[in-house]
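The file start_35.csv comes next; it holds CSV, C-alpha atoms.
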```csv
chain,number,residue,atom,x,y,z
A,1,MET,CA,113.7,103.0,92.2
A,2,SER,CA,115.9,100.9,94.5
A,3,VAL,CA,115.5,101.2,98.3
A,4,ALA,CA,119.0,102.6,98.5
A,5,CYS,CA,118.1,105.4,96.2
A,6,ARG,CA,115.0,106.2,98.2
A,7,LEU,CA,116.9,106.2,101.4
A,8,LEU,CA,119.8,108.3,100.1
A,9,PRO,CA,118.1,111.7,100.4
A,10,ILE,CA,116.8,110.8,103.9
A,11,ALA,CA,120.3,109.8,104.9
A,12,LEU,CA,122.0,112.8,103.4
A,13,LEU,CA,119.5,115.2,105.0
A,14,ALA,CA,119.9,113.5,108.4
A,15,ALA,CA,123.7,113.7,108.1
A,16,THR,CA,123.6,117.4,107.3
A,17,ILE,CA,121.1,118.6,109.8
A,18,ILE,CA,121.7,116.4,112.9
A,19,GLY,CA,125.4,116.6,112.9
A,20,PRO,CA,128.0,114.2,114.0
A,21,ALA,CA,126.9,114.0,117.7
A,22,VAL,CA,124.0,111.7,116.9
A,23,ALA,CA,124.1,108.6,114.7
A,24,ALA,CA,120.9,109.0,112.8
A,25,ASP,CA,120.5,105.6,111.0
A,26,PHE,CA,120.3,102.2,112.5
A,27,THR,CA,119.8,98.7,110.9
A,28,ALA,CA,118.2,95.6,112.3
A,29,GLY,CA,118.2,92.7,109.7
A,30,THR,CA,116.3,94.1,106.8
A,31,LEU,CA,114.9,97.0,108.7
A,32,ARG,CA,116.3,100.5,108.5
A,33,ILE,CA,115.6,102.9,111.2
A,34,ALA,CA,116.2,106.6,110.3
A,35,ASP,CA,116.2,109.6,112.5
A,36,PRO,CA,114.9,108.4,115.8
A,37,TRP,CA,113.9,111.6,117.7
A,38,SER,CA,111.9,112.7,120.7
A,39,ARG,CA,110.8,116.0,122.1
A,40,ALA,CA,111.3,118.0,125.2
A,41,VAL,CA,108.3,117.9,127.5
A,42,PRO,CA,106.8,120.4,130.0
A,43,ASP,CA,107.9,120.1,133.6
A,44,GLY,CA,106.1,117.4,135.5
A,45,ALA,CA,105.1,115.5,132.3
A,46,LYS,CA,105.3,111.8,132.8
A,47,ALA,CA,105.1,110.8,129.2
A,48,ALA,CA,107.0,111.7,126.0
A,49,GLY,CA,106.7,110.6,122.4
A,50,GLY,CA,109.3,109.0,120.1
A,51,PHE,CA,109.4,109.2,116.3
A,52,MET,CA,111.4,107.7,113.4
A,53,THR,CA,111.2,106.4,109.9
A,54,LEU,CA,111.1,102.7,109.5
A,55,THR,CA,111.8,101.0,106.1
A,56,ASN,CA,111.5,97.3,105.5
A,57,THR,CA,114.0,96.2,102.7
A,58,GLY,CA,113.2,92.5,103.1
A,59,ASN,CA,110.6,90.2,101.6
A,60,ALA,CA,108.5,89.6,104.7
A,61,PRO,CA,106.5,91.9,106.9
A,62,ASP,CA,108.0,92.7,110.3
A,63,THR,CA,106.4,94.3,113.4
A,64,LEU,CA,107.7,96.9,115.9
A,65,ILE,CA,106.4,95.3,119.0
A,66,GLY,CA,108.1,97.3,121.8
A,67,GLY,CA,111.3,98.6,123.2
A,68,THR,CA,113.0,100.2,126.1
A,69,THR,CA,114.7,103.6,126.8
A,70,VAL,CA,116.9,104.8,129.6
A,71,ILE,CA,114.5,107.7,130.3
A,72,ALA,CA,111.3,105.8,131.0
A,73,GLN,CA,109.9,102.7,132.8
A,74,ARG,CA,107.6,101.7,130.0
A,75,PHE,CA,107.4,101.8,126.2
A,76,GLU,CA,104.3,101.4,124.1
A,77,VAL,CA,103.6,101.6,120.4
A,78,HIS,CA,100.6,104.0,119.7
A,79,GLU,CA,98.6,105.5,116.9
A,80,MET,CA,97.1,109.0,117.2
A,81,SER,CA,94.5,110.6,115.0
A,82,VAL,CA,92.4,113.7,115.1
A,83,THR,CA,88.9,113.3,113.6
A,84,ASP,CA,86.1,115.8,113.8
A,85,GLY,CA,88.0,117.7,116.5
A,86,VAL,CA,88.5,114.7,118.7
A,87,MET,CA,92.0,113.4,119.4
A,88,ARG,CA,92.1,109.6,119.7
A,89,MET,CA,94.9,107.5,120.9
A,90,ARG,CA,95.3,103.7,120.8
A,91,GLU,CA,97.9,101.2,121.6
A,92,LEU,CA,98.9,99.1,118.6
A,93,LYS,CA,98.7,95.4,119.7
A,94,PRO,CA,100.8,93.4,118.9
A,95,GLY,CA,102.5,96.4,117.2
A,96,LEU,CA,103.2,98.4,114.1
A,97,VAL,CA,103.5,96.3,111.0
A,98,ILE,CA,106.0,97.3,108.3
A,99,ALA,CA,105.1,95.6,105.0
A,100,PRO,CA,107.9,94.4,102.7
A,101,GLY,CA,109.3,97.4,100.8
A,102,ALA,CA,107.2,99.8,102.8
A,103,THR,CA,108.4,102.9,104.7
A,104,VAL,CA,106.4,103.9,107.7
A,105,VAL,CA,106.9,107.3,109.3
A,106,LEU,CA,106.4,107.6,113.0
A,107,LYS,CA,105.6,111.3,113.6
A,108,PRO,CA,103.5,113.7,115.7
A,109,GLY,CA,99.8,113.3,115.0
A,110,SER,CA,100.3,109.7,113.7
A,111,TYR,CA,102.1,106.6,114.7
A,112,HIS,CA,104.6,107.1,117.5
A,113,VAL,CA,106.1,105.3,120.4
A,114,MET,CA,105.3,106.4,124.0
A,115,PHE,CA,107.8,106.6,126.8
A,116,LEU,CA,105.8,106.3,129.9
A,117,ASP,CA,106.5,106.9,133.6
A,118,LEU,CA,109.5,109.0,132.8
A,119,LYS,CA,112.5,108.6,135.1
A,120,GLN,CA,114.1,111.6,133.6
A,121,GLN,CA,112.8,114.3,131.2
A,122,PRO,CA,114.2,114.5,127.7
A,123,LYS,CA,116.0,117.8,127.3
A,124,ALA,CA,116.3,119.6,123.9
A,125,GLY,CA,119.7,119.3,122.3
A,126,GLN,CA,120.5,116.1,124.1
A,127,SER,CA,120.0,112.5,123.1
A,128,PHE,CA,119.3,109.3,124.9
A,129,LYS,CA,119.7,105.6,124.3
A,130,GLY,CA,117.0,103.1,123.7
A,131,THR,CA,116.2,99.7,122.2
A,132,LEU,CA,113.6,98.9,119.6
A,133,GLU,CA,112.2,95.3,119.4
A,134,PHE,CA,110.9,93.9,116.2
A,135,GLU,CA,109.1,90.6,115.9
A,136,LYS,CA,111.6,89.1,113.3
A,137,ALA,CA,114.6,91.4,113.3
A,138,GLY,CA,114.8,91.3,117.1
A,139,LYS,CA,116.3,94.0,119.2
A,140,VAL,CA,118.3,96.9,118.0
A,141,GLU,CA,120.0,99.7,119.9
A,142,VAL,CA,119.2,103.2,118.8
A,143,GLU,CA,119.7,106.8,120.0
A,144,PHE,CA,116.9,109.4,120.1
A,145,ALA,CA,117.8,113.0,119.4
A,146,VAL,CA,115.8,115.4,121.5
A,147,GLU,CA,114.1,118.3,119.7
A,148,PRO,CA,112.5,121.3,121.5
A,149,LEU,CA,109.0,121.2,122.9
A,150,GLY,CA,106.4,121.4,120.1
A,151,ALA,CA,108.8,120.4,117.3
A,152,ARG,CA,107.0,118.8,114.4
A,153,ALA,CA,110.0,117.1,112.7
A,154,PRO,CA,113.6,116.1,113.5
A,155,GLY,CA,116.5,118.5,113.0
A,156,GLY,CA,114.7,121.7,113.7
A,157,LYS,CA,112.5,121.5,110.7
A,158,ALA,CA,109.3,123.2,111.7
A,159,GLY,CA,107.0,120.8,109.8
A,160,GLY,CA,103.5,121.7,108.5
A,161,SER,CA,102.0,124.3,110.7
A,162,GLY,CA,102.2,126.0,114.0
A,163,SER,CA,104.0,129.2,115.1
A,164,GLY,CA,107.4,128.1,114.0
A,165,SER,CA,107.7,126.3,117.3
A,166,GLY,CA,109.9,123.7,115.8
A,167,SER,CA,113.0,125.8,116.4
A,168,GLY,CA,114.2,127.9,119.3
A,169,SER,CA,114.8,127.2,122.9
A,170,GLY,CA,111.7,125.1,123.5
A,171,ALA,CA,110.2,127.6,125.9
A,172,PRO,CA,107.6,130.0,124.7
A,173,ARG,CA,108.7,133.6,124.1
A,174,LYS,CA,107.9,135.7,127.1
A,175,PRO,CA,104.8,137.8,126.8
A,176,GLN,CA,105.3,141.5,126.5
A,177,ALA,CA,104.6,143.5,129.6
A,178,PRO,CA,101.1,145.0,129.4
B,179,MET,CA,53.9,111.5,93.0
B,180,ARG,CA,51.7,114.4,92.0
B,181,MET,CA,50.9,115.1,95.6
B,182,LEU,CA,54.7,115.3,96.4
B,183,ARG,CA,55.2,117.8,93.5
B,184,LEU,CA,52.4,120.0,94.8
B,185,VAL,CA,53.8,120.0,98.3
B,186,LEU,CA,57.3,120.9,97.1
B,187,TRP,CA,56.0,123.8,94.9
B,188,GLY,CA,54.0,124.9,98.0
B,189,ALA,CA,57.3,125.0,99.9
B,190,VAL,CA,59.0,127.0,97.2
B,191,ALA,CA,56.1,129.5,97.2
B,192,SER,CA,56.2,130.0,100.9
B,193,VAL,CA,60.0,130.5,100.9
B,194,ALA,CA,59.6,133.1,98.1
B,195,ILE,CA,56.9,134.8,100.1
B,196,ALA,CA,59.0,134.8,103.2
B,197,LEU,CA,62.0,136.2,101.4
B,198,GLY,CA,59.8,138.9,99.8
B,199,LEU,CA,58.4,139.9,103.2
B,200,ALA,CA,61.9,140.0,104.7
B,201,SER,CA,63.2,142.3,101.9
B,202,THR,CA,60.3,144.6,102.4
B,203,GLY,CA,61.0,144.8,106.1
B,204,LEU,CA,57.6,143.5,107.0
B,205,VAL,CA,59.2,140.7,109.1
B,206,PRO,CA,62.5,141.3,110.9
B,207,SER,CA,65.6,140.1,108.9
B,208,ARG,CA,67.5,137.3,110.6
B,209,LEU,CA,70.8,138.4,109.1
B,210,PRO,CA,72.2,140.1,112.2
B,211,GLU,CA,71.5,137.0,114.2
B,212,LEU,CA,73.2,134.8,111.6
B,213,ALA,CA,76.4,136.8,112.0
B,214,ARG,CA,76.8,134.8,115.2
B,215,LEU,CA,77.8,131.1,114.9
B,216,PRO,CA,74.7,128.9,114.8
B,217,LEU,CA,74.2,127.3,118.2
B,218,ALA,CA,76.8,129.7,119.7
B,219,ALA,CA,74.7,130.0,122.8
B,220,SER,CA,74.5,126.3,123.3
B,221,VAL,CA,78.3,126.0,123.8
B,222,GLY,CA,79.7,127.1,127.2
B,223,GLY,CA,78.3,127.3,130.6
B,224,PRO,CA,79.0,127.4,134.3
B,225,PHE,CA,81.5,125.2,136.0
B,226,GLU,CA,83.3,125.0,139.4
B,227,LEU,CA,86.8,123.6,139.4
B,228,THR,CA,90.2,123.9,141.2
B,229,ASP,CA,93.1,125.8,139.7
B,230,GLN,CA,96.8,124.9,139.7
B,231,SER,CA,97.3,126.8,143.0
B,232,GLY,CA,94.7,124.7,144.7
B,233,LYS,CA,92.1,127.5,144.8
B,234,ARG,CA,88.5,127.0,143.7
B,235,PHE,CA,87.9,128.5,140.3
B,236,SER,CA,84.4,129.4,139.1
B,237,SER,CA,83.5,130.1,135.4
B,238,ALA,CA,82.0,133.4,136.7
B,239,GLN,CA,85.6,134.6,137.0
B,240,LEU,CA,85.9,134.5,133.2
B,241,ALA,CA,82.9,136.7,132.7
B,242,GLY,CA,83.5,140.0,130.9
B,243,LYS,CA,86.7,139.1,129.1
B,244,PRO,CA,87.4,136.8,126.2
B,245,PHE,CA,89.0,133.4,126.8
B,246,ALA,CA,90.3,130.4,125.0
B,247,LEU,CA,89.4,127.1,126.6
B,248,PHE,CA,90.8,123.7,125.9
B,249,PHE,CA,90.5,120.2,127.3
B,250,GLY,CA,93.5,117.9,127.6
B,251,PHE,CA,95.8,116.0,130.0
B,252,THR,CA,99.4,116.2,131.0
B,253,GLN,CA,100.3,112.7,129.8
B,254,CYS,CA,99.2,113.7,126.3
B,255,PRO,CA,102.3,113.5,124.1
B,256,ASP,CA,101.3,115.8,121.3
B,257,VAL,CA,98.1,117.8,121.0
B,258,CYS,CA,98.1,119.3,124.5
B,259,PRO,CA,101.7,120.6,124.9
B,260,THR,CA,101.7,121.7,121.3
B,261,THR,CA,98.4,123.6,121.6
B,262,LEU,CA,99.6,125.2,124.9
B,263,LEU,CA,102.9,126.2,123.3
B,264,GLU,CA,101.2,127.6,120.2
B,265,LEU,CA,98.7,129.6,122.3
B,266,SER,CA,101.6,130.9,124.4
B,267,ASN,CA,103.5,131.9,121.3
B,268,GLN,CA,100.4,133.6,119.9
B,269,LEU,CA,99.9,135.6,123.1
B,270,ALA,CA,103.5,136.8,122.8
B,271,GLU,CA,102.9,137.8,119.2
B,272,LEU,CA,99.7,139.6,120.0
B,273,GLY,CA,101.4,141.5,122.8
B,274,GLY,CA,99.4,144.1,124.7
B,275,ASN,CA,96.3,143.4,122.5
B,276,ALA,CA,96.0,140.0,124.2
B,277,ARG,CA,96.2,141.5,127.7
B,278,GLU,CA,92.6,140.6,128.3
B,279,LEU,CA,92.8,137.1,127.1
B,280,THR,CA,92.8,134.1,129.5
B,281,ILE,CA,93.8,130.6,128.4
B,282,VAL,CA,91.9,127.9,130.2
B,283,PHE,CA,93.3,124.3,130.2
B,284,ILE,CA,90.9,121.8,131.8
B,285,THR,CA,92.2,118.3,132.4
B,286,VAL,CA,90.1,115.3,131.4
B,287,ASP,CA,92.4,113.1,133.6
B,288,PRO,CA,91.7,114.4,137.1
B,289,GLU,CA,92.9,111.1,138.6
B,290,ARG,CA,96.5,111.9,137.7
B,291,ASP,CA,96.4,115.6,137.1
B,292,THR,CA,96.6,117.2,140.5
B,293,PRO,CA,96.8,121.0,141.1
B,294,GLU,CA,100.6,120.5,142.0
B,295,LEU,CA,101.2,118.6,138.7
B,296,LEU,CA,99.4,121.2,136.7
B,297,ALA,CA,101.4,123.9,138.4
B,298,ALA,CA,104.7,122.3,137.4
B,299,TYR,CA,103.5,121.5,133.9
B,300,LEU,CA,102.2,125.0,133.1
B,301,LYS,CA,105.5,126.6,134.1
B,302,SER,CA,106.6,125.7,130.5
B,303,PHE,CA,103.9,128.0,129.1
B,304,ASP,CA,102.6,131.5,129.3
B,305,ALA,CA,101.7,132.6,132.8
B,306,ARG,CA,98.2,133.5,131.7
B,307,VAL,CA,97.3,129.8,131.3
B,308,VAL,CA,94.9,128.7,134.1
B,309,GLY,CA,95.1,125.0,134.7
B,310,LEU,CA,91.9,123.4,136.1
B,311,THR,CA,91.2,120.0,137.7
B,312,GLY,CA,88.4,118.7,139.9
B,313,THR,CA,86.3,115.8,140.8
B,314,PRO,CA,85.3,113.5,137.9
B,315,ALA,CA,81.7,114.9,138.3
B,316,GLU,CA,83.0,118.5,138.1
B,317,ILE,CA,85.1,117.8,135.0
B,318,ALA,CA,82.0,116.1,133.4
B,319,THR,CA,79.9,119.2,134.1
B,320,ALA,CA,82.5,121.4,132.4
B,321,ALA,CA,82.9,119.1,129.4
B,322,ARG,CA,79.1,118.8,129.0
B,323,ALA,CA,78.8,122.6,129.0
B,324,TYR,CA,81.3,122.7,126.1
B,325,ARG,CA,79.9,119.7,124.2
B,326,ALA,CA,83.3,118.2,124.7
B,327,VAL,CA,83.9,114.4,124.8
B,328,TYR,CA,86.6,112.4,126.5
B,329,GLU,CA,87.1,108.8,127.4
B,330,LYS,CA,89.7,106.5,129.0
B,331,VAL,CA,91.4,104.1,126.7
B,332,ALA,CA,93.2,101.1,128.3
B,333,THR,CA,96.8,100.4,127.3
B,334,SER,CA,99.0,97.6,128.4
B,335,GLY,CA,100.5,99.6,131.2
B,336,GLY,CA,97.6,101.7,132.3
B,337,TYR,CA,95.4,104.1,130.2
B,338,THR,CA,95.5,107.1,128.0
B,339,MET,CA,92.7,109.5,127.1
B,340,ASN,CA,90.7,110.4,123.9
B,341,HIS,CA,89.4,113.9,124.0
B,342,THR,CA,88.0,116.9,122.1
B,343,ALA,CA,91.1,118.8,120.9
B,344,LEU,CA,89.4,122.0,119.7
B,345,VAL,CA,90.3,125.3,121.4
B,346,TYR,CA,87.0,127.1,122.1
B,347,LEU,CA,87.3,130.9,121.5
B,348,MET,CA,84.8,132.5,123.8
B,349,ASP,CA,83.9,136.2,123.7
B,350,ALA,CA,83.4,138.5,126.7
B,351,LYS,CA,79.7,137.6,126.8
B,352,GLY,CA,80.6,133.9,127.1
B,353,LEU,CA,79.5,133.1,123.6
B,354,LEU,CA,81.4,130.9,121.2
B,355,ALA,CA,83.1,133.1,118.7
B,356,SER,CA,85.1,130.5,116.9
B,357,THR,CA,87.4,127.4,117.4
B,358,LEU,CA,91.0,126.8,116.5
B,359,THR,CA,93.1,123.7,116.3
B,360,PHE,CA,96.8,123.1,116.8
B,361,GLN,CA,97.0,121.8,113.2
B,362,GLU,CA,96.1,125.1,111.6
B,363,PRO,CA,98.8,127.5,110.3
B,364,ALA,CA,100.0,130.0,112.9
B,365,ALA,CA,98.6,132.8,110.7
B,366,THR,CA,95.1,131.4,110.8
B,367,GLN,CA,95.3,131.0,114.6
B,368,ARG,CA,96.5,134.5,114.9
B,369,GLN,CA,93.6,135.9,112.8
B,370,LYS,CA,91.0,134.0,114.8
B,371,LEU,CA,92.5,135.3,118.1
B,372,ALA,CA,92.7,138.8,116.8
B,373,ARG,CA,89.1,138.7,115.6
B,374,LEU,CA,88.1,137.4,119.1
B,375,LEU,CA,89.9,140.3,120.7
B,376,GLU,CA,88.2,142.8,118.4
B,377,ARG,CA,84.7,141.5,119.2
B,378,LYS,CA,82.6,143.6,121.5
```
Starting from the file, lay out its structure as structure tokens.
Amino acid sequence: MSVACRLLPIALLAATIIGPAVAADFTAGTLRIADPWSRAVPDGAKAAGGFMTLTNTGNAPDTLIGGTTVIAQRFEVHEMSVTDGVMRMRELKPGLVIAPGATVVLKPGSYHVMFLDLKQQPKAGQSFKGTLEFEKAGKVEVEFAVEPLGARAPGGKAGGSGSGSGSGSGAPRKPQAP
Amino acid sequence: MRMLRLVLWGAVASVAIALGLASTGLVPSRLPELARLPLAASVGGPFELTDQSGKRFSSAQLAGKPFALFFGFTQCPDVCPTTLLELSNQLAELGGNARELTIVFITVDPERDTPELLAAYLKSFDARVVGLTGTPAEIATAARAYRAVYEKVATSGGYTMNHTALVYLMDAKGLLASTLTFQEPAATQRQKLARLLERK
């Protein structure tokens, strides 16, 4: 199957669920960046996560080495895992490698980018600009769509588990009066 | 070789005798005990910390009511806010039945998580969440009591934290009833919480 065929469903889905306000796909050389998204964070939080799908249509590996966003002072590429009940986080140095022909999904619980020392907090329903930097493809401007707190996937898809927290206002439902 | 065989048959015989005795009631059955989690009594214990309003908080304040306890930090991008959100949603779903339940969030990053920051952070969640911080030694005592692990991990701009991401479901006697994780389906989380609330 060609890369175009593989990307088509992703592109179609993105076009239907995100809507015209946010351009969902970006290209840098032979790299395709689909659905960059972030999540609303609790008040006072100084860090937020960024997620996207990266596809390398070229013949050589490339590496996501960093970036910038308008909302944060710092940008790092991380990997998270949960093993035996312990959450582990590590910075990927020099970055996240995307092999030729490979698609790598940055998502909650896995690879992600971290926006640190937030200057402003991402708000659900809004989007913000950023730049991704690849070792070979260089810099590319993207726009992150902000999903509600606790969202597991872009575009209000609830993802695997949880209490359907991928949709809604981003605030927990108020507890009933005792 | 022959010796080993004899020893093993000996072991089989003694187990058979023990089972026989248990079924006749000559020795007390261990079954009621086993209904509790193995090692349940070795998880949990006393701690003294500071809550999000700046007041001292003792684990003694949790006695007599069930609680769900969880270690995390506010610069955590995924596990911590998602777990707090899901627990908040579960409390809302459980309604009046969960009146007695306290959610305890203990930071493993006391250097950055001050009471003021915890207070702001927890506004996004159910009002029953108690956020706790303290000195590094106080945090270590609480983590040791719950057999929780945490460590600083250096990054290019500072540090992040690895930490136990289980939610400990503790009954009114302070015994471990079960654990849950943010990766479980909401229905499973709800069943576990409901069972905790039914426990006497």
Q. Got a sec: who's within 6 Å of Gly50 (chain A), counting only C-alpha atoms, leaving out chain neighbours fewer than 5 positions off, as a list in words?
A.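 Neighbouring residues, sequence-local ones excluded: Trp37, Ser38, His112 and Val113 of chain A.
Near chain A, the residues of chain B that fall inside 6 Å (using only C-alpha atoms) are B:Thr252, B:Gln253, B:Pro255, B:Thr260, B:Asn267, B:Ala270, B:Gly273, B:Gly274, B:Leu295, B:Ala298, B:Tyr299, B:Ser302, B:Thr333, B:Asn340, B:His341, B:Thr342, B:Ala343, B:Leu344, B:Pro363, B:Ala364.
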Q.
When you count all atoms listed in the file, which of these residues is closest to Gly95 (chain A): A:Leu31, A:Glu135, A:Val70, A:Met52?
A. A:Glu135
Q) Of the candidates B:Glu376, B:Glu226, B:Asp256, B:Asp304, which shows the shortest atom-to-atom distance to Ala238 (chain B), using all atoms listed in the file? A)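 Among B:Glu376, B:Glu226, B:Asp256, B:Asp304, it is B:Glu226 that comes nearest to Ala238 (chain B).
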Q: For Thr53 (chain A), work out the shell of residues within 8 Å, counting all atoms listed in the file and skipping chain neighbours fewer than 6 positions away, then give it as a list in words.
A: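 Contacts, in chain order: Arg32, Ile33, Ala34, Asp35, Pro36, Thr103, Val104, Val105 and Leu106 of chain A.
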Q: Could you tell me how far CA of Val97 (chain A) lies from CA of Ala60 (chain A), in Å and to one decimal?
A: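 According to the coordinates, CA of Val97 (chain A) and CA of Ala60 (chain A) are separated by 10.5 Å.
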When you look at Thr280 (chain B) with a cut-off of 7 Å (counting only C-alpha atoms), what residues show up, excluding the ones that are within fewer than 6 positions of it in the same chain? I need them as a short mmCIF file (atom, residue, chain, number, x, y, z; two decimals) with C-alpha atoms, in the coordinates of the input.
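Result written to result-v3.cif:
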```cif
data_model
loop_
_atom_site.label_atom_id
_atom_site.label_comp_id
_atom_site.auth_asym_id
_atom_site.auth_seq_id
_atom_site.Cartn_x
_atom_site.Cartn_y
_atom_site.Cartn_z
CA PRO B 244 87.40 136.80 126.20
CA PHE B 245 89.00 133.40 126.80
CA ALA B 246 90.30 130.40 125.00
CA ARG B 306 98.20 133.50 131.70
CA VAL B 307 97.30 129.80 131.30
#
```
Q: In the coordinate frame of the file, compute which residues have an atom within 10 Å of (78.4, 125.4, 119.1) when using all atoms listed in the file, and state them as a ChimeraX atom specification.
A: /B:215-222,324-325,346,353-357
